[in-house]
file protein30.cif (mmCIF, C-alpha atoms)
data_my_file
loop_
_atom_site.label_atom_id
_atom_site.label_comp_id
_atom_site.auth_asym_id
_atom_site.auth_seq_id
_atom_site.Cartn_x
_atom_site.Cartn_y
_atom_site.Cartn_z
CA MET R 1 125.57 161.01 59.17
CA SER R 2 124.36 160.49 55.68
CA MET R 3 126.79 162.12 53.29
CA ILE R 4 124.88 161.73 50.01
CA ALA R 5 121.25 160.76 50.43
CA GLY R 6 120.62 163.37 53.11
CA HIS R 7 121.39 166.30 50.83
CA LEU R 8 119.38 167.91 48.05
CA GLU R 9 122.12 168.33 45.47
CA PRO R 10 122.85 164.66 44.57
CA TYR R 11 119.21 164.17 43.62
CA LEU R 12 119.30 167.25 41.40
CA VAL R 13 122.52 166.09 39.70
CA LEU R 14 121.01 162.65 39.08
CA SER R 15 117.87 164.29 37.72
CA SER R 16 119.79 166.52 35.31
CA LEU R 17 121.90 163.62 34.03
CA LEU R 18 118.73 161.59 33.47
CA PHE R 19 117.13 164.53 31.67
CA SER R 20 120.09 164.90 29.34
CA ILE R 21 120.00 161.17 28.53
CA GLY R 22 116.33 161.51 27.63
CA ALA R 23 116.98 164.64 25.57
CA PHE R 24 119.66 162.82 23.59
CA GLY R 25 117.30 159.94 22.90
CA PHE R 26 114.55 162.27 21.76
CA LEU R 27 116.86 164.15 19.41
CA ALA R 28 118.80 161.20 18.04
CA ARG R 29 116.52 158.18 17.68
CA ARG R 30 114.74 157.47 14.41
CA ASN R 31 111.97 155.33 15.82
CA ALA R 32 108.85 157.20 16.94
CA ILE R 33 108.29 154.87 19.89
CA SER R 34 111.89 155.31 21.03
CA MET R 35 111.26 159.05 21.02
CA LEU R 36 108.17 158.54 23.20
CA MET R 37 110.22 156.41 25.61
CA SER R 38 112.82 159.19 25.81
CA ILE R 39 110.03 161.64 26.66
CA GLU R 40 109.01 159.35 29.52
CA VAL R 41 112.62 159.36 30.78
CA MET R 42 112.69 163.17 30.69
CA LEU R 43 109.35 163.41 32.53
CA ASN R 44 110.70 161.10 35.21
CA ALA R 45 113.78 163.28 35.61
CA VAL R 46 111.50 166.27 36.21
CA ASN R 47 109.51 164.21 38.71
CA LEU R 48 112.68 163.35 40.59
CA ALA R 49 113.69 167.01 40.81
CA ALA R 50 110.22 168.02 42.01
CA LEU R 51 110.18 165.32 44.68
CA ALA R 52 113.67 166.25 45.85
CA PHE R 53 112.67 169.89 46.23
CA GLY R 54 109.49 168.87 48.04
CA ALA R 55 111.41 166.66 50.44
CA PHE R 56 114.29 169.00 51.25
CA MET R 57 112.86 172.52 51.10
CA PRO R 58 110.76 173.17 54.22
CA THR R 59 108.62 175.78 52.46
CA LEU R 60 107.69 173.28 49.72
CA ALA R 61 106.64 170.39 51.98
CA GLY R 62 103.95 168.38 50.22
CA GLN R 63 104.09 170.44 47.04
CA GLY R 64 106.59 168.11 45.40
CA VAL R 65 104.41 165.05 45.87
CA ALA R 66 101.32 166.84 44.55
CA PHE R 67 103.29 168.12 41.55
CA ALA R 68 104.74 164.67 40.81
CA LEU R 69 101.34 162.99 40.97
CA LEU R 70 99.90 165.52 38.53
CA ILE R 71 102.90 165.01 36.20
CA ILE R 72 102.31 161.25 36.30
CA ALA R 73 98.65 161.80 35.33
CA VAL R 74 99.60 164.08 32.44
CA ALA R 75 102.29 161.61 31.33
CA ALA R 76 99.72 158.83 31.21
CA ALA R 77 97.46 160.96 29.02
CA GLU R 78 100.40 161.91 26.80
CA ALA R 79 101.50 158.30 26.36
CA THR R 80 97.97 157.23 25.44
CA VAL R 81 97.50 159.86 22.76
CA GLY R 82 101.09 159.66 21.50
CA LEU R 83 101.07 155.92 21.01
CA ALA R 84 97.64 156.07 19.37
CA ILE R 85 98.98 158.67 16.93
CA VAL R 86 102.05 156.51 16.18
CA ILE R 87 99.85 153.49 15.51
CA ALA R 88 97.52 155.55 13.28
CA ILE R 89 100.48 156.88 11.26
CA TYR R 90 101.96 153.39 11.04
CA ARG R 91 98.69 152.17 9.53
CA ASN R 92 99.05 154.74 6.74
CA ARG R 93 102.78 154.81 6.11
CA LYS R 94 103.85 151.28 7.15
CA THR R 95 106.94 152.53 8.95
CA PRO R 96 107.70 153.67 12.53
CA LEU R 97 110.71 155.77 11.48
CA VAL R 98 110.06 159.49 11.83
CA ASP R 99 112.43 160.61 9.07
CA GLU R 100 110.22 158.83 6.57
CA TYR R 101 107.17 160.86 7.59
CA ASP R 102 107.84 163.50 4.93
CA ALA R 103 104.44 163.94 3.27
CA MET R 104 104.22 167.62 4.25
CA ARG R 105 107.71 168.41 2.97
CA GLN R 106 106.91 167.85 -0.71
CA MET K 1 117.13 143.20 65.70
CA PRO K 2 117.66 146.70 64.35
CA LEU K 3 120.08 147.30 61.52
CA PRO K 4 123.40 148.91 62.42
CA PRO K 5 123.54 152.59 61.41
CA THR K 6 126.11 151.96 58.71
CA ILE K 7 126.85 149.00 56.50
CA PRO K 8 129.48 146.83 58.23
CA PHE K 9 133.04 147.01 56.83
CA ILE K 10 132.18 149.73 54.28
CA GLY K 11 131.13 152.49 56.61
CA ILE K 12 128.48 154.26 54.51
CA THR K 13 124.90 154.56 55.64
CA TRP K 14 122.11 152.45 54.22
CA ALA K 15 120.42 155.43 52.61
CA ASP K 16 123.65 156.39 50.85
CA ALA K 17 124.20 152.85 49.62
CA LEU K 18 120.62 152.64 48.34
CA PHE K 19 120.92 156.00 46.60
CA LEU K 20 124.19 155.07 44.91
CA LEU K 21 122.95 151.64 43.85
CA LEU K 22 119.58 152.84 42.55
CA GLY K 23 121.08 155.92 40.92
CA GLY K 24 123.61 153.77 39.10
CA VAL K 25 120.87 151.44 37.90
CA VAL K 26 118.77 154.41 36.76
CA LEU K 27 121.58 156.01 34.76
CA GLY K 28 122.81 152.73 33.27
CA SER K 29 119.43 151.46 32.18
CA ALA K 30 118.35 154.88 30.87
CA THR K 31 121.52 154.91 28.75
CA LEU K 32 120.57 151.49 27.43
CA VAL K 33 117.06 152.79 26.67
CA VAL K 34 118.40 155.46 24.34
CA LEU K 35 121.41 153.56 22.94
CA GLY K 36 120.27 149.96 22.57
CA ARG K 37 119.59 148.53 19.13
CA ASP K 38 116.71 146.15 19.88
CA ILE K 39 113.63 148.22 20.65
CA ILE K 40 111.92 145.52 22.72
CA ARG K 41 114.97 145.53 25.01
CA ASN K 42 114.74 149.33 25.11
CA GLY K 43 111.21 148.94 26.43
CA LEU K 44 112.28 146.41 29.07
CA MET K 45 115.16 148.68 30.14
CA LEU K 46 112.64 151.51 30.46
CA ILE K 47 110.75 149.35 32.97
CA LEU K 48 114.00 148.86 34.92
CA THR K 49 114.67 152.60 34.89
CA LEU K 50 111.19 153.38 36.19
CA GLY K 51 111.42 150.71 38.90
CA ALA K 52 114.76 151.96 40.18
CA LEU K 53 113.36 155.51 40.18
CA ALA K 54 110.47 154.26 42.32
CA GLY K 55 113.11 153.03 44.77
CA ILE K 56 114.74 156.48 44.80
CA TYR K 57 111.34 158.02 45.52
CA VAL K 58 111.11 155.76 48.57
CA VAL K 59 114.56 156.93 49.69
CA LEU K 60 113.19 160.47 49.30
CA GLY K 61 110.28 159.64 51.59
CA ALA K 62 107.63 159.94 48.87
CA SER K 63 106.21 156.45 49.14
CA ILE K 64 102.84 157.47 47.64
CA VAL K 65 104.57 158.60 44.45
CA ALA K 66 106.59 155.38 44.37
CA GLY K 67 103.32 153.43 44.50
CA ALA K 68 101.80 155.57 41.76
CA GLN K 69 104.98 155.13 39.71
CA VAL K 70 104.76 151.34 39.93
CA LEU K 71 101.03 151.32 39.18
CA VAL K 72 100.88 153.89 36.40
CA TYR K 73 104.31 153.82 34.75
CA ILE K 74 105.35 150.19 35.14
CA GLY K 75 101.85 148.73 35.13
CA ALA K 76 100.18 150.81 32.45
CA ILE K 77 102.47 153.01 30.35
CA SER K 78 105.24 150.42 29.90
CA VAL K 79 102.75 147.77 28.88
CA LEU K 80 101.17 150.24 26.46
CA ILE K 81 104.61 151.00 24.99
CA LEU K 82 105.45 147.31 24.64
CA PHE K 83 102.12 146.71 22.88
CA ALA K 84 102.78 149.62 20.53
CA ILE K 85 106.25 148.23 19.78
CA MET K 86 104.77 144.86 18.89
CA LEU K 87 102.13 146.51 16.69
CA THR K 88 104.49 148.75 14.74
CA GLN K 89 107.82 146.97 14.32
CA SER K 90 108.64 145.08 11.20
CA LYS K 91 111.37 142.48 11.36
CA SER K 92 113.77 144.59 9.33
CA ALA K 93 113.39 147.63 11.58
CA SER K 94 116.01 146.63 14.14
CA ALA K 95 118.51 145.85 11.39
CA GLN K 96 118.28 149.40 10.07
CA LEU K 97 120.15 152.40 11.35
CA ASN K 98 118.88 153.43 14.78
CA PHE K 99 119.96 157.05 14.87
CA GLN K 100 119.24 160.15 12.84
CA THR K 101 122.07 161.80 10.96
CA GLN K 102 121.94 164.54 13.62
CA ALA K 103 122.95 162.09 16.37
CA LEU K 104 126.38 163.64 16.98
CA PRO K 105 125.15 167.23 17.39
CA ALA K 106 122.32 165.84 19.53
CA ALA K 107 124.86 164.09 21.76
CA LEU K 108 126.90 167.28 22.12
CA ALA K 109 123.82 169.40 22.86
CA SER K 110 122.40 167.01 25.43
CA ALA K 111 125.80 166.57 27.11
CA LEU K 112 125.97 170.36 27.33
CA ILE K 113 122.46 170.49 28.83
CA GLY K 114 123.35 167.80 31.35
CA ILE K 115 126.62 169.39 32.44
CA LEU K 116 125.10 172.88 32.68
CA LEU K 117 122.11 171.67 34.69
CA ALA K 118 124.21 169.46 36.95
CA VAL K 119 126.73 172.22 37.70
CA ALA K 120 124.10 174.92 38.14
CA LEU K 121 121.77 172.85 40.29
CA GLY K 122 124.52 171.17 42.28
CA ALA K 123 126.44 174.36 43.07
CA THR K 124 123.51 176.59 44.08
CA GLN K 125 122.92 177.26 47.75
CA TRP K 126 119.28 176.23 48.02
CA GLY K 127 118.87 176.72 51.74
CA SER K 128 117.58 173.18 51.96
CA THR K 129 117.38 171.08 55.08
CA VAL K 130 119.82 168.22 55.61
CA TYR K 131 118.59 164.93 56.99
CA ASN K 132 120.67 162.64 59.11
CA ASP K 133 119.00 159.65 57.57
CA THR K 134 116.37 159.22 54.89
CA PRO K 135 113.84 162.05 54.63
CA ASP K 136 110.71 161.86 56.73
CA PRO K 137 108.33 159.27 55.25
CA ALA K 138 105.30 160.80 56.96
CA GLY K 139 104.93 163.37 54.20
CA THR K 140 101.87 161.74 52.64
CA ALA K 141 99.42 163.50 54.97
CA THR K 142 101.03 166.87 54.16
CA ALA K 143 100.95 166.05 50.47
CA ALA K 144 97.27 165.08 50.62
CA ALA K 145 96.43 168.34 52.35
CA VAL K 146 98.26 170.22 49.58
CA LEU K 147 96.85 168.16 46.71
CA PHE K 148 93.23 168.43 47.87
CA GLY K 149 93.62 172.01 49.09
CA PRO K 150 95.29 174.59 46.85
CA TRP K 151 95.83 172.07 44.02
CA LEU K 152 92.26 170.78 43.92
CA LEU K 153 91.39 172.51 40.65
CA ALA K 154 94.49 171.07 38.95
CA PHE K 155 93.56 167.63 40.28
CA GLU K 156 90.07 167.86 38.79
CA VAL K 157 91.40 169.21 35.48
CA ALA K 158 93.83 166.26 35.35
CA SER K 159 90.91 163.84 35.64
CA VAL K 160 89.09 165.56 32.76
CA LEU K 161 92.35 165.49 30.77
CA ILE K 162 92.71 161.75 31.28
CA LEU K 163 89.11 161.20 30.17
CA ALA K 164 89.73 163.27 27.04
CA ALA K 165 92.98 161.37 26.36
CA VAL K 166 91.23 158.00 26.67
CA ILE K 167 88.48 159.02 24.26
CA GLY K 168 91.00 160.53 21.86
CA GLY K 169 93.20 157.44 22.03
CA ILE K 170 90.30 155.16 21.21
CA TYR K 171 89.26 157.39 18.31
CA LEU K 172 92.79 157.61 16.89
CA ALA K 173 93.54 153.90 17.17
CA MET K 174 90.13 152.89 15.78
CA LYS K 175 90.15 151.25 12.39
CA PRO K 176 88.69 153.76 9.93
CA ALA K 177 85.30 152.86 8.44
CA GLU K 178 85.22 151.47 4.90
CA SER K 179 83.89 154.68 3.34
CA GLU K 180 86.65 156.81 4.93
CA GLU K 181 89.30 154.38 3.77
CA ILE K 182 88.24 154.81 0.15
CA GLU K 183 88.47 158.59 0.45
CA ALA K 184 91.97 158.36 1.87
#

call {"tool": "encode", "arguments": {"input": "protein30.cif", "output": "structure tokens"}}
result
Amino acid sequence: MSMIAGHLEPYLVLSSLLFSIGAFGFLARRNAISMLMSIEVMLNAVNLAALAFGAFMPTLAGQGVAFALLIIAVAAAEATVGLAIVIAIYRNRKTPLVDEYDAMRQ
Amino acid sequence: MPLPPTIPFIGITWADALFLLLGGVVLGSATLVVLGRDIIRNGLMLILTLGALAGIYVVLGASIVAGAQVLVYIGAISVLILFAIMLTQSKSASAQLNFQTQALPAALASALIGILLAVALGATQWGSTVYNDTPDPAGTATAAAVLFGPWLLAFEVASVLILAAVIGGIYLAMKPAESEEIEA
């Protein structure tokens, strides 16, 4: 009898811990690319929760996989545009640190 | 010869051992992603996080998502991130301070989020099924019927979104023409 991997809750706990790690990285890092990496970590935590629900809730069979695949597609689009924006800003400001992007504050 | 139902001498099942091992790798490498100083190593640790998560998806029986994870995240997004790191980092960047001044409140807030979510999600009675071993890996046919049935419109919109993102990414990363550069 599988004590851990056969239950829904351990996956949800792992997913929430992963989400909080990503949230900390997004709030605390100075580098724009580090913030994008933290967003990817958070999206993966959501994916894990969706897949766990899809696997363990009989009424949601198949929905989790469909949801996760769509999230992966949206994450790919987000990474493309986000990194292109970071590179375009870097070309203007010569720095990847977000706290130095203060042109609209003055 | 079939594997014994539990790992010899330890007495936990294979699925449990895989979940614990991969979950530990996921949490450890994700922590290194957000805490490490060298951003190239952050990117490599992100690849490790995504790979271990693909393993957890296999334990969950979602092998199609694990394949998509390896192809899209590890194969495409991580490489894109590593390229962007190489394009934007100066040599002095990793010697500078890594964190904002708000890092301590951010740590407290995200720890609060994590604890609240973990307690709330872990303590709720979801009415979920319990598997004796790993979840059923034959879920791909069900998932395909769902994805190309009620979710078909979302699927098509996602393809248009990716096309728009590709065009937008090319436009944003394009070197501006000479005349525009003078204006700016």

call {"tool": "interface_residues", "arguments": {"input": "protein30.cif", "of": "chain R", "to": "chain K", "cutoff": "6 Å", "atoms": "only C-alpha atoms", "output": "ChimeraX atom specification"}}
result
/R:1-2,4-7,9,13,16-17,20,23-25,27-30,56-57,62,65-66,77,80-81,84,88

call {"tool": "atom_distance", "arguments": {"input": "protein30.cif", "atom1": "atom CA of Met42 of chain R", "atom2": "atom CA of Val25 of chain K"}}
result
16.0 Å

call {"tool": "closest_residue", "arguments": {"input": "protein30.cif", "among": "R:Met104, R:Ala68, R:Ala61, R:Ala50", "to": "Leu12 of chain R", "atoms": "all atoms listed in the file"}}
result
R:Ala50

call {"tool": "atom_distance", "arguments": {"input": "protein30.cif", "atom1": "atom CA of Pro96 of chain R", "atom2": "atom CA of Arg41 of chain K"}}
result
16.6 Å

call {"tool": "atom_distance", "arguments": {"input": "protein30.cif", "atom1": "atom CA of Pro8 of chain K", "atom2": "atom CA of Val58 of chain K"}}
result
22.6 Å

call {"tool": "decode", "arguments": {"input": "protein30.cif", "residues": "segment 65-89 of chain R", "atoms": "N, CA and C atoms", "output": "compact mmCIF listing (two decimals), in the first residue's frame"}}
result
# COMPACT_ATOMS: atom_id res chain seq x y z
N VAL R 65 -4.73 16.96 -17.42
CA VAL R 65 -3.73 16.89 -18.49
C VAL R 65 -3.99 17.97 -19.53
N ALA R 66 -5.26 18.15 -19.91
CA ALA R 66 -5.58 19.18 -20.91
C ALA R 66 -5.19 20.56 -20.38
N PHE R 67 -5.52 20.82 -19.12
CA PHE R 67 -5.20 22.11 -18.49
C PHE R 67 -3.69 22.33 -18.47
N ALA R 68 -2.94 21.28 -18.07
CA ALA R 68 -1.48 21.43 -17.97
C ALA R 68 -0.87 21.68 -19.35
N LEU R 69 -1.36 21.00 -20.37
CA LEU R 69 -0.80 21.22 -21.71
C LEU R 69 -1.06 22.65 -22.17
N LEU R 70 -2.26 23.17 -21.88
CA LEU R 70 -2.54 24.56 -22.27
C LEU R 70 -1.66 25.53 -21.48
N ILE R 71 -1.43 25.23 -20.18
CA ILE R 71 -0.55 26.11 -19.39
C ILE R 71 0.86 26.10 -19.96
N ILE R 72 1.33 24.92 -20.40
CA ILE R 72 2.68 24.85 -20.97
C ILE R 72 2.75 25.71 -22.23
N ALA R 73 1.69 25.67 -23.07
CA ALA R 73 1.69 26.48 -24.28
C ALA R 73 1.73 27.96 -23.95
N VAL R 74 0.91 28.37 -22.97
CA VAL R 74 0.89 29.79 -22.59
C VAL R 74 2.23 30.19 -21.98
N ALA R 75 2.85 29.27 -21.20
CA ALA R 75 4.14 29.60 -20.60
C ALA R 75 5.21 29.79 -21.67
N ALA R 76 5.14 28.99 -22.73
CA ALA R 76 6.11 29.16 -23.81
C ALA R 76 5.94 30.53 -24.45
N ALA R 77 4.69 30.93 -24.70
CA ALA R 77 4.46 32.26 -25.28
C ALA R 77 4.94 33.35 -24.35
N GLU R 78 4.66 33.18 -23.05
CA GLU R 78 5.07 34.19 -22.07
C GLU R 78 6.59 34.32 -22.01
N ALA R 79 7.28 33.18 -22.03
CA ALA R 79 8.75 33.23 -21.96
C ALA R 79 9.31 33.92 -23.20
N THR R 80 8.73 33.63 -24.37
CA THR R 80 9.23 34.26 -25.59
C THR R 80 9.13 35.78 -25.50
N VAL R 81 7.93 36.26 -25.19
CA VAL R 81 7.72 37.71 -25.17
C VAL R 81 8.49 38.35 -24.03
N GLY R 82 8.49 37.70 -22.84
CA GLY R 82 9.17 38.27 -21.70
C GLY R 82 10.66 38.43 -21.94
N LEU R 83 11.30 37.39 -22.47
CA LEU R 83 12.74 37.49 -22.70
C LEU R 83 13.04 38.49 -23.80
N ALA R 84 12.16 38.57 -24.82
CA ALA R 84 12.40 39.57 -25.86
C ALA R 84 12.31 40.98 -25.28
N ILE R 85 11.35 41.19 -24.36
CA ILE R 85 11.24 42.51 -23.73
C ILE R 85 12.48 42.81 -22.90
N VAL R 86 12.97 41.81 -22.14
CA VAL R 86 14.17 42.03 -21.32
C VAL R 86 15.36 42.40 -22.20
N ILE R 87 15.49 41.69 -23.33
CA ILE R 87 16.63 41.98 -24.21
C ILE R 87 16.49 43.37 -24.82
N ALA R 88 15.25 43.76 -25.18
CA ALA R 88 15.04 45.09 -25.76
C ALA R 88 15.35 46.18 -24.73
N ILE R 89 14.93 45.97 -23.47
CA ILE R 89 15.25 46.97 -22.45
C ILE R 89 16.75 47.01 -22.20
